[in-house]
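Have a look at structure-v4.tsv below; it lists TSV, C-alpha atoms.
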```
chain	number	residue	atom	x	y	z
X	94	MET	CA	-124.11	126.54	-57.74
X	95	ARG	CA	-121.95	129.65	-57.94
X	96	GLU	CA	-119.36	127.76	-59.94
X	97	ALA	CA	-122.12	126.63	-62.33
X	98	ALA	CA	-123.37	130.22	-62.75
X	99	LEU	CA	-119.82	131.38	-63.46
X	100	LEU	CA	-119.36	128.60	-66.02
X	101	PHE	CA	-122.63	129.61	-67.70
X	102	LEU	CA	-121.48	133.24	-67.96
X	103	VAL	CA	-117.96	132.47	-69.14
X	104	PHE	CA	-119.23	130.12	-71.85
X	105	ALA	CA	-121.93	132.59	-72.88
X	106	ARG	CA	-119.04	134.99	-73.58
X	107	VAL	CA	-117.30	132.26	-75.55
X	108	GLY	CA	-120.50	131.55	-77.51
X	109	ILE	CA	-121.00	135.15	-78.52
X	110	THR	CA	-117.40	135.73	-79.65
X	111	THR	CA	-116.95	132.51	-81.64
X	112	PHE	CA	-117.49	133.07	-85.35
X	113	GLY	CA	-117.42	129.89	-87.46
X	114	GLY	CA	-117.13	126.24	-86.67
X	115	GLY	CA	-115.54	124.16	-83.95
X	116	TYR	CA	-111.99	125.20	-84.79
X	117	ALA	CA	-112.86	128.91	-84.40
X	118	ILE	CA	-113.56	128.28	-80.73
X	119	MET	CA	-109.89	127.52	-80.04
X	120	PRO	CA	-108.54	131.11	-80.02
X	121	VAL	CA	-111.48	132.14	-77.82
X	122	LEU	CA	-110.92	129.30	-75.32
X	123	ASP	CA	-107.19	129.99	-75.36
X	124	ARG	CA	-107.87	133.59	-74.33
X	125	GLU	CA	-110.76	133.10	-71.89
X	126	LEU	CA	-109.68	129.89	-70.16
X	127	VAL	CA	-105.91	129.48	-70.53
X	128	LYS	CA	-104.61	133.06	-70.46
X	129	LYS	CA	-107.27	134.89	-68.47
X	130	ARG	CA	-108.41	132.34	-65.88
X	131	GLY	CA	-105.80	129.61	-65.84
X	132	TRP	CA	-108.56	126.96	-65.89
X	133	ALA	CA	-106.71	124.75	-68.35
X	134	SER	CA	-103.31	124.42	-69.97
X	135	HIS	CA	-102.66	124.35	-73.71
X	136	GLU	CA	-102.07	120.60	-73.46
X	137	GLU	CA	-105.40	120.04	-71.71
X	138	LEU	CA	-107.19	122.16	-74.31
X	139	LEU	CA	-105.74	119.97	-77.06
X	140	ASP	CA	-106.77	116.82	-75.14
X	141	TYR	CA	-110.35	118.07	-74.83
X	142	TYR	CA	-110.38	119.03	-78.48
X	143	ALA	CA	-109.15	115.59	-79.54
X	144	VAL	CA	-111.94	113.94	-77.57
X	145	ALA	CA	-114.49	116.42	-78.95
X	146	GLN	CA	-113.43	115.61	-82.53
X	147	CYS	CA	-114.30	111.95	-82.28
X	148	THR	CA	-117.42	112.11	-80.12
X	149	PRO	CA	-120.80	112.71	-81.75
X	150	GLY	CA	-122.20	116.22	-81.92
X	151	VAL	CA	-121.00	119.77	-82.36
X	152	ILE	CA	-117.26	120.08	-81.61
X	153	ALA	CA	-117.51	123.35	-79.70
X	154	VAL	CA	-120.30	121.93	-77.53
X	155	ASN	CA	-118.31	118.79	-76.75
X	156	THR	CA	-115.24	120.81	-75.76
X	157	SER	CA	-117.34	123.06	-73.50
X	158	THR	CA	-119.11	120.13	-71.81
X	159	PHE	CA	-115.72	118.54	-71.14
X	160	ILE	CA	-114.20	121.68	-69.58
X	161	GLY	CA	-117.36	122.36	-67.54
X	162	TYR	CA	-117.27	118.80	-66.19
X	163	ARG	CA	-113.62	119.15	-65.17
X	164	ARG	CA	-114.44	122.37	-63.28
X	165	ALA	CA	-117.67	121.40	-61.53
X	166	GLY	CA	-118.83	117.87	-62.35
X	167	VAL	CA	-122.01	117.01	-64.24
X	168	THR	CA	-123.72	120.31	-63.28
X	169	GLY	CA	-120.67	122.17	-64.57
X	170	GLY	CA	-120.77	120.31	-67.88
X	171	ILE	CA	-124.44	121.14	-68.37
X	172	ALA	CA	-124.00	124.79	-67.26
X	173	ALA	CA	-121.10	125.35	-69.68
X	174	THR	CA	-123.08	123.82	-72.56
X	175	LEU	CA	-126.22	125.89	-71.89
X	176	GLY	CA	-124.05	129.01	-71.57
X	177	LEU	CA	-122.39	128.32	-74.91
X	178	VAL	CA	-125.64	127.80	-76.84
X	179	PHE	CA	-127.71	130.54	-75.20
X	180	PRO	CA	-126.47	133.64	-77.10
X	181	PRO	CA	-126.40	132.00	-80.57
X	182	THR	CA	-129.96	130.71	-80.11
X	183	VAL	CA	-131.18	134.21	-79.25
X	184	ILE	CA	-129.29	135.76	-82.19
X	185	ILE	CA	-130.60	133.17	-84.65
X	186	CYS	CA	-134.18	133.68	-83.48
X	187	VAL	CA	-133.84	137.43	-84.02
X	188	ILE	CA	-132.37	136.94	-87.49
X	189	ALA	CA	-134.95	134.34	-88.48
X	190	ALA	CA	-137.82	136.48	-87.20
X	191	ALA	CA	-136.90	139.99	-88.27
X	192	LEU	CA	-134.16	139.88	-90.83
X	193	SER	CA	-134.90	137.02	-93.20
X	194	GLY	CA	-133.26	138.92	-96.07
X	195	PHE	CA	-130.33	139.82	-93.80
X	196	MET	CA	-127.79	137.52	-95.41
X	197	TYR	CA	-128.51	138.88	-98.87
X	198	LEU	CA	-127.61	142.46	-98.07
X	199	PRO	CA	-124.35	143.22	-99.92
X	200	ALA	CA	-122.92	145.05	-96.89
X	201	VAL	CA	-123.49	141.99	-94.69
X	202	ARG	CA	-121.82	139.69	-97.22
X	203	HIS	CA	-118.78	142.00	-97.50
X	204	ALA	CA	-118.53	142.30	-93.72
X	205	PHE	CA	-118.48	138.53	-93.32
X	206	ALA	CA	-115.83	138.14	-96.03
X	207	GLY	CA	-113.65	140.42	-93.89
X	208	ILE	CA	-114.53	138.52	-90.70
X	209	ARG	CA	-113.54	135.20	-92.29
X	210	VAL	CA	-110.02	136.54	-92.98
X	211	CYS	CA	-109.75	137.69	-89.37
X	212	VAL	CA	-110.91	134.31	-88.00
X	213	CYS	CA	-108.23	132.61	-90.13
X	214	VAL	CA	-105.51	134.85	-88.71
X	215	LEU	CA	-106.70	134.35	-85.12
X	216	ILE	CA	-106.74	130.56	-85.47
X	217	ALA	CA	-103.31	130.53	-87.11
X	218	LYS	CA	-101.88	132.62	-84.28
X	219	THR	CA	-103.32	130.35	-81.57
X	220	LEU	CA	-102.00	127.37	-83.43
X	221	ALA	CA	-98.51	128.85	-83.65
X	222	GLY	CA	-98.54	129.34	-79.88
X	223	MET	CA	-99.65	125.76	-79.26
X	224	LEU	CA	-97.40	124.06	-81.75
X	225	LYS	CA	-94.28	123.90	-79.60
X	226	LYS	CA	-96.13	122.33	-76.67
X	227	SER	CA	-98.25	119.97	-78.73
X	228	ALA	CA	-95.30	118.60	-80.74
X	229	PRO	CA	-92.32	118.67	-78.38
X	230	ASP	CA	-90.31	115.77	-79.81
X	231	LEU	CA	-89.64	114.00	-83.09
X	232	PRO	CA	-92.40	111.34	-82.89
X	233	ALA	CA	-94.96	114.02	-82.04
X	234	LYS	CA	-93.76	116.16	-84.95
X	235	ALA	CA	-94.11	113.13	-87.23
X	236	ILE	CA	-97.70	112.55	-86.03
X	237	PHE	CA	-98.49	116.24	-86.58
X	238	THR	CA	-97.12	116.20	-90.13
X	239	ALA	CA	-98.81	112.92	-91.07
X	240	VAL	CA	-102.22	113.91	-89.72
X	241	PHE	CA	-102.01	117.35	-91.35
X	242	ILE	CA	-101.22	115.91	-94.79
X	243	LEU	CA	-103.83	113.13	-94.55
X	244	SER	CA	-106.52	115.55	-93.39
X	245	ALA	CA	-105.77	118.66	-95.47
X	246	PHE	CA	-104.81	117.06	-98.80
X	247	LEU	CA	-106.32	113.59	-98.76
X	248	SER	CA	-109.51	114.33	-96.75
X	249	PHE	CA	-109.18	111.30	-94.46
X	250	PRO	CA	-112.08	111.00	-91.97
X	251	THR	CA	-111.25	112.87	-88.76
X	252	ALA	CA	-112.41	110.18	-86.34
X	253	ALA	CA	-110.15	107.61	-88.05
X	254	LEU	CA	-107.15	109.96	-87.82
X	255	VAL	CA	-107.76	110.60	-84.12
X	256	ALA	CA	-108.01	106.86	-83.44
X	257	ALA	CA	-104.82	106.16	-85.42
X	258	ALA	CA	-102.94	108.91	-83.55
X	259	GLY	CA	-103.99	107.37	-80.23
X	260	VAL	CA	-102.63	103.99	-81.35
X	261	ALA	CA	-99.43	105.70	-82.53
X	262	GLY	CA	-99.04	107.29	-79.08
X	263	LEU	CA	-99.36	103.86	-77.48
X	264	ALA	CA	-96.85	102.33	-79.90
X	265	ILE	CA	-94.31	105.10	-79.28
X	266	SER	CA	-94.57	104.70	-75.51
X	267	ALA	CA	-94.24	100.94	-75.79
X	268	ALA	CA	-91.13	101.27	-77.98
X	269	ARG	CA	-89.59	103.77	-75.57
X	270	GLY	CA	-90.50	101.74	-72.48
X	271	GLY	CA	-88.76	98.73	-74.00
X	272	ARG	CA	-85.62	100.71	-74.74
X	273	VAL	CA	-85.32	102.40	-71.33
X	274	LYS	CA	-85.69	99.13	-69.44
U	244	MET	CA	-146.47	116.56	-80.48
U	245	ILE	CA	-144.36	118.79	-82.72
U	246	TRP	CA	-142.00	119.47	-79.78
U	247	ILE	CA	-141.30	115.79	-79.22
U	248	ARG	CA	-140.65	115.25	-82.92
U	249	LEU	CA	-138.40	118.31	-83.13
U	250	PHE	CA	-136.40	117.18	-80.11
U	251	ALA	CA	-136.15	113.62	-81.43
U	252	GLU	CA	-135.11	114.66	-84.96
U	253	PHE	CA	-132.35	116.95	-83.69
U	254	PHE	CA	-131.30	114.46	-81.02
U	255	ILE	CA	-130.63	111.96	-83.82
U	256	THR	CA	-128.77	114.62	-85.83
U	257	GLY	CA	-126.57	115.39	-82.82
U	258	LEU	CA	-125.93	111.71	-82.25
U	259	PHE	CA	-124.83	110.92	-85.80
U	260	ALA	CA	-122.96	114.10	-86.71
U	261	VAL	CA	-119.39	113.20	-85.85
U	262	GLY	CA	-116.94	115.97	-86.72
U	263	GLY	CA	-118.95	119.12	-86.16
U	264	GLY	CA	-121.14	121.58	-88.03
U	265	ALA	CA	-120.46	120.54	-91.61
U	266	ALA	CA	-121.34	116.95	-90.73
U	267	THR	CA	-124.89	118.05	-89.87
U	268	ILE	CA	-125.65	119.26	-93.42
U	269	PRO	CA	-126.31	115.86	-95.04
U	270	LEU	CA	-128.37	114.83	-91.99
U	271	LEU	CA	-130.47	118.00	-92.29
U	272	ARG	CA	-130.97	117.33	-96.00
U	273	ASP	CA	-132.47	113.97	-95.11
U	274	MET	CA	-134.57	115.64	-92.43
U	275	SER	CA	-135.95	118.08	-94.99
U	276	ALA	CA	-137.12	115.21	-97.19
U	277	ARG	CA	-138.54	113.27	-94.25
U	278	THR	CA	-140.42	116.01	-92.43
U	279	GLY	CA	-140.96	118.82	-94.94
U	280	TRP	CA	-140.15	121.31	-92.16
U	281	PHE	CA	-137.91	123.31	-94.48
U	282	THR	CA	-137.02	123.21	-98.19
U	283	LEU	CA	-133.54	122.63	-99.60
U	284	GLY	CA	-133.40	126.33	-100.53
U	285	GLU	CA	-134.11	127.24	-96.92
U	286	LEU	CA	-131.41	124.81	-95.85
U	287	ALA	CA	-128.92	126.74	-98.01
U	288	ASP	CA	-130.04	129.97	-96.29
U	289	MET	CA	-129.57	128.31	-92.93
U	290	VAL	CA	-126.02	127.29	-93.77
U	291	ALA	CA	-125.21	130.87	-94.80
U	292	VAL	CA	-126.69	132.34	-91.63
U	293	ALA	CA	-125.16	129.66	-89.38
U	294	GLU	CA	-121.68	130.15	-90.80
U	295	SER	CA	-121.65	133.88	-90.36
U	296	THR	CA	-123.26	134.50	-86.99
U	297	PRO	CA	-121.55	133.90	-83.65
U	298	GLY	CA	-121.85	130.42	-82.18
U	299	PRO	CA	-121.15	126.86	-83.29
U	300	ILE	CA	-122.54	126.10	-86.78
U	301	GLY	CA	-124.42	122.94	-85.73
U	302	VAL	CA	-126.18	124.81	-82.92
U	303	ASN	CA	-127.08	127.70	-85.21
U	304	MET	CA	-128.55	125.33	-87.78
U	305	ALA	CA	-130.71	123.65	-85.15
U	306	SER	CA	-131.95	127.00	-83.79
U	307	PHE	CA	-132.76	128.22	-87.29
U	308	ALA	CA	-134.59	125.07	-88.36
U	309	GLY	CA	-136.43	124.90	-85.03
U	310	TYR	CA	-137.53	128.52	-85.34
U	311	ARG	CA	-138.76	128.03	-88.91
U	312	THR	CA	-140.78	125.02	-87.79
U	313	ALA	CA	-142.29	126.17	-84.51
U	314	GLY	CA	-141.14	129.64	-83.44
U	315	ILE	CA	-139.04	130.41	-80.38
U	316	PRO	CA	-140.08	127.27	-78.41
U	317	GLY	CA	-139.12	125.31	-81.52
U	318	ALA	CA	-135.67	126.92	-81.61
U	319	VAL	CA	-135.09	126.07	-77.95
U	320	THR	CA	-136.35	122.49	-78.34
U	321	ALA	CA	-134.22	121.82	-81.45
U	322	THR	CA	-131.11	123.32	-79.82
U	323	LEU	CA	-131.55	121.22	-76.69
U	324	GLY	CA	-132.13	118.20	-78.92
U	325	ILE	CA	-128.89	118.62	-80.83
U	326	VAL	CA	-126.73	119.17	-77.72
U	327	THR	CA	-128.22	116.44	-75.48
U	328	PRO	CA	-126.42	113.44	-77.09
U	329	SER	CA	-123.09	115.33	-76.94
U	330	VAL	CA	-123.55	116.18	-73.29
U	331	ILE	CA	-124.41	112.58	-72.35
U	332	VAL	CA	-121.57	111.00	-74.35
U	333	VAL	CA	-118.94	113.55	-73.29
U	334	LEU	CA	-119.90	113.32	-69.62
U	335	ILE	CA	-119.51	109.53	-69.72
U	336	ILE	CA	-116.13	109.80	-71.46
U	337	ALA	CA	-114.94	112.58	-69.11
U	338	ARG	CA	-115.85	110.45	-66.10
U	339	LEU	CA	-113.99	107.44	-67.49
U	340	LEU	CA	-110.96	109.59	-68.29
U	341	ASP	CA	-110.91	110.99	-64.75
U	342	LYS	CA	-110.77	107.47	-63.42
U	343	TYR	CA	-107.88	106.43	-65.64
U	344	ARG	CA	-106.12	109.77	-65.88
U	345	GLU	CA	-102.90	108.70	-64.18
U	346	ASN	CA	-102.91	105.45	-66.08
U	347	ARG	CA	-99.83	105.03	-68.31
U	348	ILE	CA	-101.87	103.80	-71.24
U	349	THR	CA	-104.19	106.83	-71.14
U	350	GLN	CA	-101.21	109.15	-71.00
U	351	SER	CA	-99.53	107.42	-73.94
U	352	VAL	CA	-102.71	107.68	-76.00
U	353	PHE	CA	-102.96	111.40	-75.28
U	354	ARG	CA	-99.31	111.87	-76.21
U	355	GLY	CA	-100.36	110.73	-79.69
U	356	LEU	CA	-103.65	112.66	-79.69
U	357	ARG	CA	-102.19	116.08	-78.84
U	358	PRO	CA	-100.15	116.59	-82.03
U	359	ALA	CA	-103.03	115.06	-84.04
U	360	SER	CA	-105.46	117.52	-82.49
U	361	ALA	CA	-103.20	120.46	-83.38
U	362	ALA	CA	-102.79	119.07	-86.91
U	363	LEU	CA	-106.58	118.84	-87.36
U	364	ILE	CA	-106.97	122.48	-86.35
U	365	ALA	CA	-104.15	123.36	-88.75
U	366	SER	CA	-105.92	121.44	-91.51
U	367	ALA	CA	-109.25	123.20	-90.86
U	368	CYS	CA	-107.42	126.53	-90.84
U	369	PHE	CA	-105.65	125.62	-94.08
U	370	SER	CA	-108.90	124.84	-95.90
U	371	LEU	CA	-110.42	128.05	-94.53
U	372	ILE	CA	-107.42	130.03	-95.85
U	373	THR	CA	-107.69	128.47	-99.32
U	374	THR	CA	-111.41	129.28	-99.41
U	375	VAL	CA	-110.80	132.87	-98.34
U	376	LEU	CA	-108.01	133.40	-100.86
U	377	ASN	CA	-110.05	131.81	-103.64
U	378	ALA	CA	-113.06	133.97	-102.87
U	379	GLY	CA	-112.27	136.49	-105.62
U	380	ARG	CA	-111.28	133.98	-108.24
U	381	ALA	CA	-114.73	133.30	-109.67
U	382	GLY	CA	-114.03	135.70	-112.56
U	383	GLY	CA	-111.25	133.47	-113.83
U	384	SER	CA	-108.22	135.72	-113.35
U	385	LEU	CA	-105.67	134.18	-111.02
U	386	VAL	CA	-104.97	137.25	-108.91
U	387	SER	CA	-108.25	139.09	-108.66
U	388	TYR	CA	-109.27	142.06	-106.59
U	389	GLY	CA	-110.98	140.24	-103.69
U	390	ASN	CA	-108.03	137.97	-103.37
U	391	ILE	CA	-105.48	140.80	-103.01
U	392	THR	CA	-107.65	142.59	-100.45
U	393	ALA	CA	-107.87	139.39	-98.40
U	394	VAL	CA	-104.09	138.91	-98.46
U	395	CYS	CA	-103.45	142.55	-97.47
U	396	LEU	CA	-106.03	142.36	-94.68
U	397	ALA	CA	-104.49	139.13	-93.39
U	398	ALA	CA	-100.98	140.67	-93.40
U	399	ALA	CA	-102.25	143.78	-91.62
U	400	LEU	CA	-104.01	141.63	-89.01
U	401	VAL	CA	-100.90	139.54	-88.34
U	402	ALA	CA	-98.91	142.75	-87.71
U	403	ALA	CA	-101.68	144.40	-85.67
U	404	THR	CA	-102.39	141.42	-83.40
U	405	ARG	CA	-98.68	141.18	-82.64
U	406	ARG	CA	-98.41	144.82	-81.49
U	407	ILE	CA	-101.85	145.63	-80.08
U	408	LYS	CA	-103.20	143.67	-77.13
U	409	ALA	CA	-106.95	144.05	-77.61
U	410	HIS	CA	-109.92	141.72	-77.40
U	411	PRO	CA	-110.18	139.67	-80.63
U	412	ILE	CA	-113.73	140.93	-81.16
U	413	LEU	CA	-112.20	144.36	-81.95
U	414	PHE	CA	-110.11	142.86	-84.74
U	415	ILE	CA	-113.19	141.02	-85.99
U	416	ALA	CA	-115.20	144.26	-86.01
U	417	ALA	CA	-112.38	146.13	-87.78
U	418	SER	CA	-112.17	143.36	-90.41
U	419	ALA	CA	-115.92	143.61	-90.99
U	420	VAL	CA	-115.53	147.36	-91.64
U	421	VAL	CA	-112.62	146.73	-94.03
U	422	GLY	CA	-114.75	144.12	-95.78
U	423	ILE	CA	-117.57	146.60	-96.31
U	424	ILE	CA	-115.31	149.47	-97.43
U	425	PHE	CA	-113.36	147.39	-99.93
U	426	LYS	CA	-116.42	145.32	-101.01
U	427	MET	CA	-114.65	142.03	-100.33
```

Represent the supplied structure as structure tokens.
Amino acid sequence: MREAALLFLVFARVGITTFGGGYAIMPVLDRELVKKRGWASHEELLDYYAVAQCTPGVIAVNTSTFIGYRRAGVTGGIAATLGLVFPPTVIICVIAAALSGFMYLPAVRHAFAGIRVCVCVLIAKTLAGMLKKSAPDLPAKAIFTAVFILSAFLSFPTAALVAAAGVAGLAISAARGGRVK
Amino acid sequence: MIWIRLFAEFFITGLFAVGGGAATIPLLRDMSARTGWFTLGELADMVAVAESTPGPIGVNMASFAGYRTAGIPGAVTATLGIVTPSVIVVLIIARLLDKYRENRITQSVFRGLRPASAALIASACFSLITTVLNAGRAGGSLVSYGNITAVCLAAALVAATRRIKAHPILFIAASAVVGIIFKM
């Protein structure tokens, strides 16, 4: 129960400091879970993220459920998810109720233009830190390059890319296994 | 009755939106036509609010639509509706993965998934960067004012985050102030 309460609080912090979509959660998770608490490694974070990408629903929610489950079973998964969605729900209700013209204030629009630049930089930095570990050898670097090009320039569907990368991982291991034996 | 319908509608949205927040937009457009809970103009407002407030975009959209339809209980119901399918599916997958974690096949698959996962984040970041840098280009000139400010801010942030060890929210707040001052 205490573990579940802690998960709720930690993910509430994550929920309130994540600006943007599923990918914006990565720098926050990297800081809160990997660096500060040692709950997961960079590799595990990327594993969770890969699973979250190809399961239905909101990516950040899927990642949180996964980490919560690893920490404290089904209760942990539910606690982490509720923690993550609690602060945004409150904020949205306040905005919808009191500040319906909020988004049209010029100051708000300028502020968010600045925030978007910052989110970009934070994600790029996290990514740079993860790159070495996520692509340690030549086949992994090849997968990284191929997926990046197919996704960024040719807009291939994400779920298909994740599935193909999984098959590629299998094929590489099979090829290596054959050679070593 | 409205609660059950709200929960069901957002449950379906959560179930069919594979790939996160942006994937919910076409589903919400259909929902608008089907239920009349919000207009397409309101949907555009929702996207703007959801993208710029803290929290996952899909969750924000559900809270906003739920609130518009049935107040605070509506926001809670819609939010729970959109996350429930994720929680169920992810818990099943997590349990299966635990069982086969040491399995060689699972490990090989993840060896392929890890670089792909990093590449997908890189791709999302790349499209975000192009959007941010293009933000000032509406006027037609290639290097416009907004664009230069964004590049300078990005360069300053790269330098600052390298030297100063502070919580990211401080950099976010500072960027918001810069955005207001320079009318980005």

Which distance in Å separates atom CA of X:Ala200 and atom CA of U:Ala419, to one decimal? 9.3 Å

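Distances to chain X were evaluated for U:Leu258, U:Leu340, U:Ala399, U:Leu323 using all atoms listed in the file, and the minimum falls at U:Leu258.
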
Nearest candidate to X:Pro120 (options X:His135, X:Thr174, X:Ala228, X:Asp140; using all atoms listed in the file):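 The closest residue to X:Pro120 is X:His135.
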
Do you have the atom CA of X:Val210-atom CA of X:Asp123 distance handy? 19.0 Å

Spatial neighbours of stretch 316-318 of chain U, 12 Å, all atoms listed in the file, chain gap at least 3 places, as a ChimeraX atom specification: /X:178-179,181-187,189-190 /U:244-250,252-253,280,302-313,321-325
